[in-house]
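Chemist: Have a look at this one before I ask anything.
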Amino acid sequence: MLAHERFEEEVLPHLDAGYNLARWLARNAHDADDVVQEACMRALRYINSLRAGQGRPWFLAIVRHAYYDSLKVNRSSELAGDPDGFEEVMVHGVAEDPQLAAERRDEASALARAMEALPLPLREVLVLRESEELSYKEIARVLGVPIGTVMSRLARARLALQKLLPPMNIGRDGGDSAQGRI
Amino acid sequence: MSGHATIERLSAFVDGELHGLRRRLLARHLRGCGGCAARVAELELMRSRLQSELRRHPAPPELRQRVPTLIADLSTGGARERGARRARVPGWPWLVGSALAGSVITLTLLLVVNLVVGRIAARDIVAEAVADHVRATLGQHPIEVASADRHTVKPWLAARLDYSPPVQDLAAEGFELLGGRIDRLRGERVATLVYRHRLHLIDVFVRPLPAAAPKAPRRLRGFNVAHASGGGMDFLAVSDVEADVLNAFLARLTAETPAR
């Protein structure tokens with residue numbers, strides 16, 4: 001089978017999944033589009049390394065790499081820091097570009113805004129789990145980390161998201177907080 | 001287990017990613033520890049909120065059109081070089097020759113060939129079903145009759161087929177009926193029911209039961225496939241939802257199907 005036929009068969013069906021990941025990573029439609037197009041070109045080049053039935057995690061890993069490479073080119077601050085360090089997770093606001101702000105006002109719920117404010121390593125693991133519904137094993141493959149790291153990043157992502165959400169929407173009595181637990 | 005469970009463990013528990021002894025120990029701990037049980041409830045609440053509210057961003061139509069053209073252009077440039085050094089595929093004659101060495105071997109080979117042909121036929125059907133699913137989800141008309149009312153969908157399908165497929169509404173269980181369409185499997189017109197589970201589309205191909213339901217592959221091109229029969233009908237479901245969910249859904253769908 002020719003490379004582009006395999007691409008159409010096994011990669012193209014996952015274009016939505018790839019775009020969804022890119023869109024959550026980049027947080028805007030323009031960069032997501034560039035990242036996915038670059039990822040498709042790479043996927044075609046490396047199509048021989050794709051094992052049958054692994055299309056989705058394989059393509060998502062390529063999309064993720066393409067995004068990280070675009071950050072390196074732009075020397076983004078998103079790459080700063082150790083994703084699995086023990087320090088308190090720094091949750092930063094999103095820089096307000098007027099066009100992005102307008103786009104965000106249109107669609108973003110409190111939940112989506114909270115997701116977008118999560119640091120990159122926590123945001124990506126949560127999207128892969130909750131939006132793409134990948135297993136821990138598949139996420140480990142996409143991120144290139146051990147399953148234990150997936151587990152701890154997901155837990156930290158959920159704690160961080162909980163802090164960002166208005167308290168009345170999540171949690172119940174409010175008395176018992178996350179304090180005192182490791 | 002003494003003290004409280006770690007948040008890592010509770011979160012993996014909620015994800016169904018804690019197995020065996022670890023899962024049983026934690027489940028026992030949760031029965032006796034209100035703090036950890038409340039934490040699990042919180043995590044579950046957040047999980048269901050994320051899954052119901054978090055928007056999935058589909059690829060814009062413009063990108064969807066651009067990518068195949070780009071890939072075809074890039075690929076034809078490289079194909080000429082590769083064509084020159086493509087290896088010859090080994091042929092069959094040596095296999096036939098050795099099988100003729102004894103009638104026992106020939107018989108065995110025939111049985112194997114029969115099995116393989118059966119599998120290939122099943123695989124072809126699944127391959128067609130997956131291709132239909134992909135075309136429908138990529139294309140402009142995944143649904144020809146859009147309605148959550150089975151009393152609308154069923155007659156629409158029956159009017160276009162020589163059988164009347166059973167249509168269930170399982171919205172209460174998280175599988176919302178979106179409608180139906182007519183597809184072709186192995187040249188025959190079949191009814192396709194379209195359901196939505198969270199962010200995923202599920203296509204269920206329903207046709208009168210064939211003589212023998214062949215063993216079909218469970219996964220193809222990254223999609224999960226489930227197969228079942230009931231009420232004189234054969235059901236083939238294709239989706240990108242998790243295999244367990246798809247199997248449970250299809251079991252539920254066929255359990256309710258009355259005999260014709």
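By convention in this document, the chains of the structure tokens carry letters A, B, ... by their order, each chain's residues are numbered from 1, and ligands are numbered from 1 in the order they are shown.
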Please identify all polymer residues within 12 Å of Arg6 of chain A, counting only C-alpha atoms, omitting same-chain residues fewer than 4 positions from it, and present them as a list of chain:residue names.
Modeler: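 After dropping sequence-adjacent residues, the list is A:Met1, A:Leu2, A:Glu10, A:Val11, A:Leu12, A:Pro13, A:Ala43, A:Leu44, A:Arg45, A:Tyr46, A:Ile47, A:Asn48, A:Ser49, A:Leu50, A:Arg51, A:Ala52, A:Gly53, A:Gly55, B:Pro68, B:Ile71, B:Ala72, B:Ser75, B:Arg221.
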Chemist: List the spatial neighbours of Ser135 of chain A as a list in words - criterion: any atom at most 9 Å away, only C-alpha atoms, same-chain residues fewer than 5 positions off excluded.
Modeler: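 Here the qualifying residues turn out to be Leu128, Arg129 and Ala140 of chain A; Asp15 and Glu17 of chain B.
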Chemist: Selected residues, N, CA and C atoms, written as a PDB file, in the first residue's frame, please.
Modeler:
```pdb
ATOM      1  N   LEU A 128      -6.029  14.374  27.125  1.00  0.00           N
ATOM      2  CA  LEU A 128      -5.895  13.014  26.600  1.00  0.00           C
ATOM      3  C   LEU A 128      -6.805  12.052  27.340  1.00  0.00           C
ATOM      4  N   ARG A 129      -6.957  12.289  28.637  1.00  0.00           N
ATOM      5  CA  ARG A 129      -7.799  11.392  29.428  1.00  0.00           C
ATOM      6  C   ARG A 129      -9.288  11.716  29.261  1.00  0.00           C
ATOM      7  N   ALA A 140       0.674   7.190  28.339  1.00  0.00           N
ATOM      8  CA  ALA A 140       2.110   7.024  28.599  1.00  0.00           C
ATOM      9  C   ALA A 140       2.868   6.977  27.275  1.00  0.00           C
TER      10      ALA A 140
ATOM     11  N   ASP B  15     -10.625   6.461  37.542  1.00  0.00           N
ATOM     12  CA  ASP B  15     -10.413   6.209  36.110  1.00  0.00           C
ATOM     13  C   ASP B  15     -10.547   4.730  35.748  1.00  0.00           C
ATOM     14  N   GLU B  17      -8.370   2.548  36.534  1.00  0.00           N
ATOM     15  CA  GLU B  17      -7.011   2.126  36.146  1.00  0.00           C
ATOM     16  C   GLU B  17      -6.271   1.483  37.320  1.00  0.00           C
TER      17      GLU B  17
END
```
Chemist: Counting only C-alpha atoms, collect the residues of chain B whose closest atom lies at most 9 Å from chain A, and write them out as a ChimeraX atom specification.
Modeler: /B:4-12,15,17,35,38-39,41-43,45-47,49-51,53-60,63-64,66-68,70-72,74-76,79,131,134-135,137-138,199,219-223,241-242
